[in-house]
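Below is coords17.txt, holding compact mmCIF, C-alpha atoms and all ligand atoms.
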# COMPACT_ATOMS: atom_id res chain seq x y z
CA MET E 1 5.35 6.57 37.52
CA THR E 2 6.33 4.71 34.38
CA VAL E 3 4.82 5.91 31.14
CA TYR E 4 4.14 3.13 28.65
CA GLN E 5 4.20 4.82 25.29
CA ALA E 6 5.78 4.21 21.88
CA THR E 7 5.79 5.82 18.45
CA ALA E 8 6.36 4.17 15.07
CA SER E 9 5.84 5.15 11.49
CA ALA E 10 5.20 3.30 8.24
CA PRO E 11 5.18 4.41 4.60
CA VAL E 12 2.69 3.87 1.81
CA ASN E 13 3.28 1.03 -0.64
CA ILE E 14 2.19 0.88 -4.27
CA ALA E 15 1.42 -2.51 -5.79
CA CYS E 16 2.89 -3.72 -9.10
CA ILE E 17 0.88 -6.96 -8.89
CA LYS E 18 -2.48 -5.92 -7.48
CA TYR E 19 -4.37 -7.43 -4.60
CA TRP E 20 -8.02 -7.42 -5.63
CA GLY E 21 -10.41 -9.89 -4.04
CA LYS E 22 -10.79 -11.74 -0.74
CA ARG E 23 -11.50 -15.40 -0.16
CA ASP E 24 -12.21 -14.60 3.51
CA THR E 25 -13.52 -11.10 4.26
CA LYS E 26 -13.24 -11.33 8.06
CA LEU E 27 -9.64 -12.58 8.20
CA ILE E 28 -8.76 -10.59 5.03
CA LEU E 29 -7.35 -13.48 3.05
CA PRO E 30 -6.76 -12.60 -0.59
CA THR E 31 -7.71 -14.47 -3.74
CA ASN E 32 -4.22 -13.88 -5.14
CA SER E 33 -0.71 -13.00 -4.02
CA SER E 34 0.50 -9.44 -4.66
CA LEU E 35 3.75 -7.50 -4.81
CA SER E 36 4.55 -3.88 -4.10
CA VAL E 37 7.23 -1.29 -3.65
CA THR E 38 7.30 0.54 -0.33
CA LEU E 39 8.02 4.24 -0.83
CA ASP E 40 10.99 4.98 1.35
CA GLN E 41 11.10 8.70 1.82
CA ASP E 42 9.20 10.84 4.26
CA HIS E 43 6.53 12.21 1.91
CA LEU E 44 3.82 9.61 2.38
CA ARG E 45 3.85 8.19 5.87
CA SER E 46 1.66 7.47 8.85
CA THR E 47 3.12 8.06 12.28
CA THR E 48 1.37 6.54 15.27
CA THR E 49 1.83 6.86 19.01
CA SER E 50 0.26 4.38 21.41
CA ARG E 51 0.04 4.65 25.17
CA ALA E 52 -1.21 2.12 27.71
CA ASP E 53 -2.43 3.49 31.02
CA PRO E 54 -4.55 2.08 33.84
CA SER E 55 -6.36 5.43 34.21
CA PHE E 56 -7.86 5.19 30.68
CA ASP E 57 -11.40 3.86 30.70
CA LYS E 58 -11.38 2.33 27.19
CA ASP E 59 -9.37 1.99 23.98
CA ARG E 60 -9.58 5.16 21.87
CA LEU E 61 -8.05 6.29 18.58
CA TRP E 62 -7.54 9.65 16.87
CA LEU E 63 -6.73 10.00 13.20
CA ASN E 64 -5.25 13.38 12.31
CA GLY E 65 -6.69 14.77 15.54
CA VAL E 66 -10.24 13.50 14.99
CA GLU E 67 -11.50 10.62 17.10
CA GLU E 68 -12.52 7.47 15.18
CA GLU E 69 -14.91 4.97 16.67
CA ILE E 70 -13.33 1.61 17.50
CA LYS E 71 -16.25 -0.66 16.59
CA ASP E 72 -16.55 -4.00 18.38
CA GLY E 73 -15.31 -6.74 16.09
CA GLY E 74 -14.18 -4.17 13.50
CA ARG E 75 -10.75 -3.99 11.88
CA LEU E 76 -9.24 -1.60 14.44
CA ALA E 77 -10.55 -3.60 17.37
CA THR E 78 -9.21 -6.82 15.82
CA CYS E 79 -5.69 -5.42 15.38
CA ILE E 80 -5.60 -4.07 18.95
CA LYS E 81 -6.98 -7.34 20.31
CA GLU E 82 -4.42 -9.46 18.46
CA MET E 83 -1.51 -7.27 19.56
CA ARG E 84 -2.74 -7.34 23.16
CA ALA E 85 -2.94 -11.13 23.04
CA LEU E 86 0.73 -11.30 22.00
CA ARG E 87 1.68 -9.07 24.93
CA LYS E 88 -0.38 -11.21 27.28
CA GLN E 89 1.44 -14.31 26.13
CA LEU E 90 4.74 -12.58 26.80
CA GLU E 91 3.62 -11.53 30.29
CA GLU E 92 2.60 -15.10 31.04
CA GLN E 93 5.98 -16.40 29.94
CA ASP E 94 7.86 -13.78 31.94
CA PRO E 95 6.06 -12.81 35.17
CA SER E 96 8.59 -10.03 35.84
CA LEU E 97 7.14 -7.95 32.97
CA PRO E 98 4.69 -5.15 33.84
CA LYS E 99 1.10 -6.23 33.21
CA ILE E 100 0.29 -3.57 30.64
CA ALA E 101 -1.83 -5.84 28.40
CA ALA E 102 -4.63 -5.24 30.88
CA PHE E 103 -4.51 -1.43 30.43
CA PRO E 104 -6.67 0.37 27.84
CA VAL E 105 -4.71 2.10 25.08
CA HIS E 106 -4.98 5.53 23.50
CA ILE E 107 -3.67 5.76 19.97
CA ALA E 108 -2.99 8.89 17.92
CA SER E 109 -2.16 8.53 14.25
CA HIS E 110 -1.15 11.18 11.75
CA ASN E 111 -0.73 11.04 7.97
CA ASN E 112 1.64 13.58 6.43
CA PHE E 113 -0.49 13.53 3.24
CA PRO E 114 -4.23 14.09 2.68
CA THR E 115 -6.07 11.00 3.94
CA ALA E 116 -8.66 11.29 1.20
CA ALA E 117 -6.13 11.88 -1.57
CA GLY E 118 -6.78 8.52 -3.17
CA LEU E 119 -3.40 7.36 -1.96
CA ALA E 120 -3.14 4.22 0.11
CA SER E 121 -3.59 5.70 3.59
CA SER E 122 -5.06 2.51 5.06
CA ALA E 123 -1.87 0.62 4.19
CA SER E 124 0.51 2.95 6.01
CA GLY E 125 -2.08 3.60 8.74
CA PHE E 126 -2.58 0.00 9.86
CA ALA E 127 1.12 -0.82 9.43
CA ALA E 128 2.06 2.11 11.70
CA LEU E 129 -0.64 1.12 14.22
CA VAL E 130 0.67 -2.43 14.48
CA ALA E 131 4.31 -1.25 14.57
CA SER E 132 3.59 1.23 17.36
CA LEU E 133 1.72 -1.35 19.48
CA SER E 134 4.57 -3.79 18.90
CA ALA E 135 7.02 -1.20 20.24
CA LEU E 136 4.72 -0.35 23.16
CA TYR E 137 4.39 -4.01 24.09
CA GLN E 138 8.06 -4.70 23.34
CA LEU E 139 7.14 -7.76 21.29
CA PRO E 140 9.90 -9.87 19.82
CA ALA E 141 7.73 -10.41 16.69
CA ASP E 142 9.39 -9.94 13.28
CA ALA E 143 7.86 -8.01 10.39
CA SER E 144 6.24 -11.08 8.80
CA ARG E 145 4.60 -12.01 12.11
CA LEU E 146 3.29 -8.44 12.51
CA SER E 147 2.11 -8.46 8.90
CA LEU E 148 -0.37 -11.22 9.82
CA ILE E 149 -2.04 -8.73 12.14
CA ALA E 150 -1.73 -5.62 9.94
CA ARG E 151 -3.37 -7.69 7.17
CA GLN E 152 -6.50 -7.90 9.31
CA GLY E 153 -6.64 -4.10 9.42
CA SER E 154 -6.31 -3.65 5.66
CA GLY E 155 -4.93 -6.24 3.27
CA SER E 156 -2.39 -3.98 1.61
CA ALA E 157 -1.12 -2.84 5.05
CA CYS E 158 0.74 -6.11 5.56
CA ARG E 159 3.17 -5.09 2.80
CA SER E 160 4.02 -1.73 4.44
CA LEU E 161 5.82 -3.43 7.34
CA PHE E 162 8.77 -4.02 5.02
CA GLY E 163 10.73 -1.52 3.00
CA GLY E 164 11.81 -2.19 -0.58
CA PHE E 165 10.18 -4.85 -2.73
CA VAL E 166 7.59 -6.87 -0.85
CA ALA E 167 5.37 -9.85 -1.66
CA TRP E 168 2.18 -10.75 0.17
CA GLN E 169 1.90 -14.50 -0.15
CA MET E 170 -1.77 -15.39 -0.32
CA GLY E 171 -1.28 -18.63 1.64
CA GLU E 172 -3.57 -21.65 1.62
CA ARG E 173 -4.68 -22.23 5.18
CA ALA E 174 -8.20 -21.33 6.28
CA ASP E 175 -6.94 -19.69 9.49
CA GLY E 176 -4.72 -17.27 7.52
CA SER E 177 -1.53 -18.27 9.35
CA ASP E 178 0.40 -18.53 6.07
CA SER E 179 -0.96 -15.31 4.50
CA TYR E 180 1.75 -12.75 5.28
CA ALA E 181 4.29 -10.41 3.72
CA VAL E 182 7.90 -11.28 2.89
CA GLU E 183 10.75 -9.22 1.56
CA VAL E 184 11.62 -9.92 -2.09
CA ALA E 185 14.55 -7.50 -2.05
CA PRO E 186 15.56 -4.62 0.19
CA ARG E 187 15.45 -1.08 -1.14
CA GLU E 188 19.27 -0.94 -1.38
CA HIS E 189 19.19 -3.80 -3.86
CA TRP E 190 17.72 -1.49 -6.53
CA PRO E 191 17.91 2.13 -5.34
CA ASP E 192 17.74 3.39 -8.90
CA ILE E 193 13.95 2.89 -9.19
CA HIS E 194 11.96 5.98 -8.32
CA ALA E 195 8.23 6.58 -8.04
CA LEU E 196 6.53 9.64 -9.44
CA ILE E 197 3.04 10.26 -8.10
CA CYS E 198 0.66 12.25 -10.29
CA VAL E 199 -2.35 13.41 -8.31
CA VAL E 200 -5.09 13.63 -10.92
CA ASN E 201 -7.88 14.02 -8.39
CA ASP E 202 -7.56 14.23 -4.64
CA GLU E 203 -11.21 13.61 -3.81
CA LYS E 204 -12.25 10.48 -1.93
CA LYS E 205 -12.90 7.61 -4.36
CA GLY E 206 -16.43 6.61 -5.40
CA THR E 207 -16.22 2.85 -4.76
CA SER E 208 -14.02 1.79 -1.85
CA SER E 209 -11.48 -0.97 -2.44
CA THR E 210 -13.16 -3.13 0.17
CA SER E 211 -16.63 -3.10 -1.40
CA GLY E 212 -15.37 -2.90 -5.00
CA MET E 213 -13.21 -5.98 -4.75
CA GLN E 214 -15.97 -8.10 -3.23
CA ARG E 215 -18.31 -7.12 -6.04
CA THR E 216 -15.60 -8.22 -8.46
CA VAL E 217 -15.21 -11.56 -6.64
CA GLU E 218 -18.97 -12.12 -6.86
CA THR E 219 -19.51 -11.13 -10.48
CA SER E 220 -16.37 -11.10 -12.64
CA PRO E 221 -15.53 -14.18 -14.73
CA LEU E 222 -12.28 -12.46 -15.77
CA LEU E 223 -11.13 -12.38 -12.13
CA GLN E 224 -11.24 -16.19 -12.02
CA HIS E 225 -8.96 -16.35 -15.04
CA ARG E 226 -6.63 -13.76 -13.49
CA ILE E 227 -6.35 -15.61 -10.17
CA LYS E 228 -5.65 -19.01 -11.69
CA HIS E 229 -3.78 -18.34 -14.89
CA VAL E 230 -2.16 -14.92 -14.70
CA VAL E 231 -1.03 -13.83 -11.24
CA PRO E 232 1.05 -16.90 -10.25
CA GLN E 233 3.27 -16.56 -13.34
CA ARG E 234 3.49 -12.79 -12.93
CA MET E 235 4.55 -13.04 -9.27
CA ALA E 236 7.40 -15.34 -10.27
CA ALA E 237 8.42 -13.24 -13.28
CA ILE E 238 8.41 -9.89 -11.49
CA SER E 239 10.33 -11.30 -8.51
CA GLU E 240 12.94 -12.50 -11.00
CA ALA E 241 12.99 -9.09 -12.74
CA ILE E 242 13.57 -7.40 -9.37
CA ARG E 243 16.36 -9.80 -8.45
CA ALA E 244 18.00 -9.17 -11.86
CA ARG E 245 17.30 -5.40 -11.72
CA ASP E 246 15.69 -5.79 -15.14
CA PHE E 247 13.61 -2.61 -15.52
CA ASP E 248 12.25 -3.56 -18.93
CA ALA E 249 10.66 -6.77 -17.58
CA PHE E 250 9.57 -5.04 -14.36
CA ALA E 251 7.85 -2.30 -16.35
CA ARG E 252 6.07 -4.66 -18.76
CA ILE E 253 4.65 -6.76 -15.92
CA THR E 254 3.68 -3.75 -13.81
CA MET E 255 1.75 -2.06 -16.64
CA ALA E 256 0.10 -5.33 -17.72
CA ASP E 257 -1.07 -5.96 -14.17
CA SER E 258 -2.44 -2.46 -13.70
CA ASN E 259 -4.32 -2.88 -16.98
CA GLN E 260 -5.74 -6.23 -15.92
CA PHE E 261 -6.80 -4.93 -12.52
CA HIS E 262 -8.77 -2.14 -14.22
CA ALA E 263 -10.14 -4.69 -16.68
CA VAL E 264 -11.55 -6.83 -13.84
CA ALA E 265 -13.03 -3.68 -12.31
CA LEU E 266 -14.77 -3.06 -15.65
CA ASP E 267 -15.80 -6.72 -15.77
CA THR E 268 -17.61 -6.27 -12.45
CA GLU E 269 -21.42 -5.97 -12.35
CA PRO E 270 -22.22 -3.09 -12.17
CA PRO E 271 -18.88 -1.99 -13.66
CA ILE E 272 -16.38 0.04 -11.66
CA PHE E 273 -14.35 2.81 -13.26
CA TYR E 274 -11.38 4.07 -11.31
CA MET E 275 -9.42 5.80 -14.03
CA ASN E 276 -10.65 8.93 -15.76
CA ASP E 277 -9.76 10.65 -19.04
CA VAL E 278 -6.67 12.25 -17.52
CA SER E 279 -5.49 8.88 -16.18
CA ARG E 280 -5.89 7.39 -19.65
CA ALA E 281 -4.07 10.32 -21.24
CA ILE E 282 -1.13 9.74 -18.89
CA ILE E 283 -1.09 6.08 -19.99
CA ALA E 284 -1.00 7.22 -23.63
CA LEU E 285 1.91 9.53 -22.85
CA ILE E 286 3.96 6.81 -21.14
CA VAL E 287 3.14 4.32 -23.92
CA GLU E 288 4.38 6.83 -26.51
CA TYR E 289 7.48 7.68 -24.43
CA ASN E 290 8.34 3.97 -24.25
CA ARG E 291 7.53 3.43 -27.95
CA VAL E 292 10.02 6.08 -29.01
CA ALA E 293 12.68 4.63 -26.68
CA VAL E 294 12.20 1.14 -28.12
CA ALA E 295 12.06 2.45 -31.72
CA ASN E 296 15.46 4.02 -31.08
CA GLY E 297 16.87 0.67 -30.07
CA GLY E 298 16.48 1.18 -26.32
CA LYS E 299 14.34 -0.40 -23.62
CA LEU E 300 11.27 0.70 -21.69
CA LYS E 301 11.91 3.86 -19.68
CA ALA E 302 8.85 4.12 -17.44
CA ALA E 303 5.95 2.07 -16.06
CA TYR E 304 2.55 3.39 -14.99
CA THR E 305 0.30 1.81 -12.43
CA TYR E 306 -3.10 2.85 -11.01
CA ASP E 307 -4.82 1.72 -7.82
CA ALA E 308 -8.50 2.15 -6.97
CA GLY E 309 -8.56 5.77 -8.13
CA PRO E 310 -7.46 8.03 -11.00
CA ASN E 311 -4.00 8.95 -9.69
CA ALA E 312 -1.00 7.66 -11.60
CA VAL E 313 2.15 6.24 -10.06
CA ILE E 314 5.02 6.09 -12.50
CA TYR E 315 8.01 3.91 -11.73
CA ALA E 316 11.20 4.76 -13.59
CA PRO E 317 14.97 4.66 -13.25
CA LYS E 318 16.25 7.87 -11.71
CA GLU E 319 17.90 9.10 -14.90
CA ASN E 320 14.49 9.29 -16.64
CA ILE E 321 12.53 11.05 -13.91
CA LYS E 322 13.36 14.60 -14.92
CA GLU E 323 12.38 13.93 -18.54
CA ILE E 324 9.10 12.28 -17.46
CA VAL E 325 8.23 15.15 -15.15
CA GLU E 326 8.90 17.63 -17.95
CA LEU E 327 6.59 15.65 -20.25
CA ILE E 328 3.81 15.54 -17.65
CA VAL E 329 4.13 19.23 -16.90
CA LYS E 330 4.15 20.02 -20.62
CA TYR E 331 1.03 18.04 -21.50
CA PHE E 332 -1.06 18.49 -18.35
CA PRO E 333 -2.01 21.93 -17.05
CA GLN E 334 -0.91 22.31 -13.45
CA ALA E 335 -3.52 23.52 -10.95
CA GLU E 336 -1.51 24.73 -8.03
CA LYS E 337 1.96 25.59 -6.96
CA PHE E 338 3.82 23.08 -4.87
CA LYS E 339 7.26 22.23 -3.60
CA ASP E 340 9.29 19.31 -4.90
CA PRO E 341 12.63 18.01 -3.72
CA PHE E 342 14.41 18.28 -7.08
CA GLY E 343 13.08 21.74 -7.90
CA LEU E 344 11.76 20.48 -11.22
CA PHE E 345 8.40 22.21 -11.38
CA GLY E 346 7.02 25.67 -11.72
CA ALA E 347 3.38 25.12 -10.87
CA ALA E 348 1.47 21.83 -10.38
CA GLY E 349 -4.62 19.65 -12.53
CA VAL E 350 -1.92 16.83 -12.37
CA GLN E 351 0.33 17.33 -9.44
CA PRO E 352 3.47 15.26 -9.70
CA GLN E 353 5.51 14.57 -6.64
CA VAL E 354 8.92 13.04 -6.96
CA ILE E 355 9.52 10.38 -4.35
CA PRO E 356 13.23 9.62 -4.45
C1 LIG Q 401 -6.04 -1.50 -5.60
O1 LIG Q 401 -5.90 -3.06 1.10
O2 LIG Q 401 -7.34 -1.02 0.68
O3 LIG Q 401 -4.66 -0.76 -3.81
O4 LIG Q 401 -8.10 -5.15 2.45
O5 LIG Q 401 -10.34 -4.19 1.98
O6 LIG Q 401 -8.64 -2.83 3.23
P1 LIG Q 401 -8.88 -3.90 2.18
O7 LIG Q 401 -8.38 -3.32 0.80
P2 LIG Q 401 -7.09 -2.46 0.44
O8 LIG Q 401 -7.01 -2.73 -1.14
C2 LIG Q 401 -5.95 -2.29 -1.92
C3 LIG Q 401 -6.26 -2.50 -3.35
C4 LIG Q 401 -5.27 -1.90 -4.34
C5 LIG Q 401 -4.23 -2.92 -4.77
C6 LIG Q 401 -3.09 -3.22 -3.84
O9 LIG Q 401 -2.69 -2.35 -3.04
O10 LIG Q 401 -2.56 -4.33 -3.96

Hey, can you dump this file as structure tokens for me?
Ligand code: DP6
Amino acid sequence: MTVYQATASAPVNIACIKYWGKRDTKLILPTNSSLSVTLDQDHLRSTTTSRADPSFDKDRLWLNGVEEEIKDGGRLATCIKEMRALRKQLEEQDPSLPKIAAFPVHIASHNNFPTAAGLASSASGFAALVASLSALYQLPADASRLSLIARQGSGSACRSLFGGFVAWQMGERADGSDSYAVEVAPREHWPDIHALICVVNDEKKGTSSTSGMQRTVETSPLLQHRIKHVVPQRMAAISEAIRARDFDAFARITMADSNQFHAVALDTEPPIFYMNDVSRAIIALIVEYNRVAVANGGKLKAAYTYDAGPNAVIYAPKENIKEIVELIVKYFPQAEKFKDPFGLFGAAGVQPQVIP
């Protein structure tokens, strides 16, 4: 008997130009384009195995061993349905293919980091789901084509189908067919950039991205300014900075965009606060670190960015990472012991993890 099963994995990505706001909540079409870096090591990944079998009575999914309900018309169901439709098309074109689109699927997904850690687990999760179904169904679809489907699971997931530097083009069409991810540059283009993740708080966030961003769309006048007059220029400028490997420009744009994202969250009614005092203290530390570098005739050495939670991600050239980690460890008391690949820490409140 043939077993129809495939496994795929996808990493987390962290946005430099933030996606915040949908113009279509069902299709997950954004109000602005966004750009991220996909973390390329094994620390923050989702790995997903899918199996199609005629003996299964329905589609089922387990996340870290716990079954999740696949709600009719929900995001999971939509992704599975869309992937199945692609397989069906293929089977119609080539009648010699086994008719596995008709079989129910069982899907098991695992994150190698705490799902509730305030890190982007939905991005890697939906990207791995779509990648594993694509492998199961042996689809000829490329990453941009798959990103159209991952996008309908979670917007930011579309960017995790590529490694390196990735843009999600917002598109214009009402059906979403031009709202997908594209590679800006592969990881090898600029391997010197590293990400340092500082876990300030690993509890689940208060306001989810999904509900928070829609409240912002409905109530924030600043968001309208951001969409029309800020993001388009920033997308072009940061893409150029990446192409030119210009860390100074990359850092300025990344920090400005994180700041503006948190400003639109504050401009929401009622206001949303994602950063806490520790997050702001880390910003102050990076600002001071950069100020000293510039005062000594140098350029910016690090860039902070924050998603919908208090945890900091610091992008920096590799040569600065050790110094930055030492600063963080010096100024922020570490709550627990942990392992890190460079052996830089003794004990880890702010728990930095070096992602090479
Ligand atoms: C702040 O992709 O989680 O991380 O599309 O509703 O699932 P949904 O939202 P999600 O939002 C991510 C928001 C962000 C910024 C970003 O990753 O671009």

Distance filter 7 Å around ligand LIG 401 (chain Q), atoms: all atoms listed in the file, out as a ChimeraX atom specification: /E:14-15,17-20,28,34,120,122-123,153-157,209-210,307-308

Take the residues from that selection and write them out as an mmCIF file, in the frame of the given file, keeping C-alpha atoms.
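Written out: part35.cif:
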data_model
loop_
_atom_site.group_PDB
_atom_site.id
_atom_site.type_symbol
_atom_site.label_atom_id
_atom_site.label_comp_id
_atom_site.auth_asym_id
_atom_site.auth_seq_id
_atom_site.Cartn_x
_atom_site.Cartn_y
_atom_site.Cartn_z
ATOM 1 C CA ILE E 14 2.190 0.880 -4.270
ATOM 2 C CA ALA E 15 1.420 -2.510 -5.790
ATOM 3 C CA ILE E 17 0.880 -6.960 -8.890
ATOM 4 C CA LYS E 18 -2.480 -5.920 -7.480
ATOM 5 C CA TYR E 19 -4.370 -7.430 -4.600
ATOM 6 C CA TRP E 20 -8.020 -7.420 -5.630
ATOM 7 C CA ILE E 28 -8.760 -10.590 5.030
ATOM 8 C CA SER E 34 0.500 -9.440 -4.660
ATOM 9 C CA ALA E 120 -3.140 4.220 0.110
ATOM 10 C CA SER E 122 -5.060 2.510 5.060
ATOM 11 C CA ALA E 123 -1.870 0.620 4.190
ATOM 12 C CA GLY E 153 -6.640 -4.100 9.420
ATOM 13 C CA SER E 154 -6.310 -3.650 5.660
ATOM 14 C CA GLY E 155 -4.930 -6.240 3.270
ATOM 15 C CA SER E 156 -2.390 -3.980 1.610
ATOM 16 C CA ALA E 157 -1.120 -2.840 5.050
ATOM 17 C CA SER E 209 -11.480 -0.970 -2.440
ATOM 18 C CA THR E 210 -13.160 -3.130 0.170
ATOM 19 C CA ASP E 307 -4.820 1.720 -7.820
ATOM 20 C CA ALA E 308 -8.500 2.150 -6.970
#

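The space separating atom CA of Ala303 of chain E from atom CA of Thr31 of chain E comes to 24.7 Å.
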
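Straight-line separation from atom CA of Ile197 of chain E to atom CA of Gly298 of chain E: 24.4 Å.
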
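Within the 12 Å cut-off around Leu97 of chain E, using all atoms listed in the file and omitting residues fewer than 2 positions from it on the same chain, the listed residues are Arg87, Lys88, Gln89, Leu90, Glu91, Glu92, Gln93, Asp94, Pro95, Lys99, Ile100, Ala101, Tyr137, Gln138 and Leu139 of chain E.
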
Could the residues in this selection be written to a file with C-alpha atoms, as a short mmCIF file (atom, residue, chain, number, x, y, z; two decimals), keeping the file's coordinate frame?
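Final file, out.cif:
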data_model
loop_
_atom_site.label_atom_id
_atom_site.label_comp_id
_atom_site.auth_asym_id
_atom_site.auth_seq_id
_atom_site.Cartn_x
_atom_site.Cartn_y
_atom_site.Cartn_z
CA ARG E 87 1.68 -9.07 24.93
CA LYS E 88 -0.38 -11.21 27.28
CA GLN E 89 1.44 -14.31 26.13
CA LEU E 90 4.74 -12.58 26.80
CA GLU E 91 3.62 -11.53 30.29
CA GLU E 92 2.60 -15.10 31.04
CA GLN E 93 5.98 -16.40 29.94
CA ASP E 94 7.86 -13.78 31.94
CA PRO E 95 6.06 -12.81 35.17
CA LYS E 99 1.10 -6.23 33.21
CA ILE E 100 0.29 -3.57 30.64
CA ALA E 101 -1.83 -5.84 28.40
CA TYR E 137 4.39 -4.01 24.09
CA GLN E 138 8.06 -4.70 23.34
CA LEU E 139 7.14 -7.76 21.29
#

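Interatomic distance, atom CA of Asp267 of chain E to atom CA of Arg173 of chain E: 28.3 Å.
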
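The neighbours of segment 54-66 of chain E here are the residues that come within 6 Å of it, using all atoms listed in the file and leaving out any residue fewer than 6 positions away in the same chain; they are E:Phe103, E:Pro104, E:Val105, E:His106, E:Ile107, E:Ala108, E:Ser109, E:His110.
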
For Glu218 of chain E, the nearest of the candidates E:Ile282, E:Leu196, E:Met235, E:Val264, counting only C-alpha atoms: E:Val264

With only C-alpha atoms counted and 6 Å as the cut-off, give the residues of segment 11-80 of chain E in contact with segment 163-169 of chain E, each with its shortest interatomic distance in Å and the pair that gives it, as CSV.
residue,atom,partner,partner_atom,distance
E:Ser33,CA,E:Gln169,CA,4.9
E:Ser34,CA,E:Trp168,CA,5.3
E:Leu35,CA,E:Ala167,CA,4.3
E:Ser36,CA,E:Val166,CA,5.4
E:Val37,CA,E:Phe165,CA,4.7
E:Thr38,CA,E:Gly163,CA,5.2

Restricting it to C-alpha atoms, dump the selection as a PDB file, in the coordinates of the input.
ATOM      1  CA  SER E  33      -0.710 -13.000  -4.020  1.00  0.00           C
ATOM      2  CA  SER E  34       0.500  -9.440  -4.660  1.00  0.00           C
ATOM      3  CA  LEU E  35       3.750  -7.500  -4.810  1.00  0.00           C
ATOM      4  CA  SER E  36       4.550  -3.880  -4.100  1.00  0.00           C
ATOM      5  CA  VAL E  37       7.230  -1.290  -3.650  1.00  0.00           C
ATOM      6  CA  THR E  38       7.300   0.540  -0.330  1.00  0.00           C
TER       7      THR E  38
END

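Closest approach to Ala128 of chain E among E:Pro317, E:Gly212, E:Pro191, E:Pro11 is made by E:Pro11 (distances from only C-alpha atoms).
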
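The smallest atom-to-atom distance between Arg75 of chain E and any of E:Thr25, E:Gln152, E:Ser9, E:Ser96, using only C-alpha atoms, is found for E:Gln152.
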
Polymer residues at most 10 Å from Glu82 of chain E, all atoms listed in the file, same-chain spacing of 2 or more positions, as an MDAnalysis selection string: chainID E and resid 77:80 84:88 130 146 148:150 152
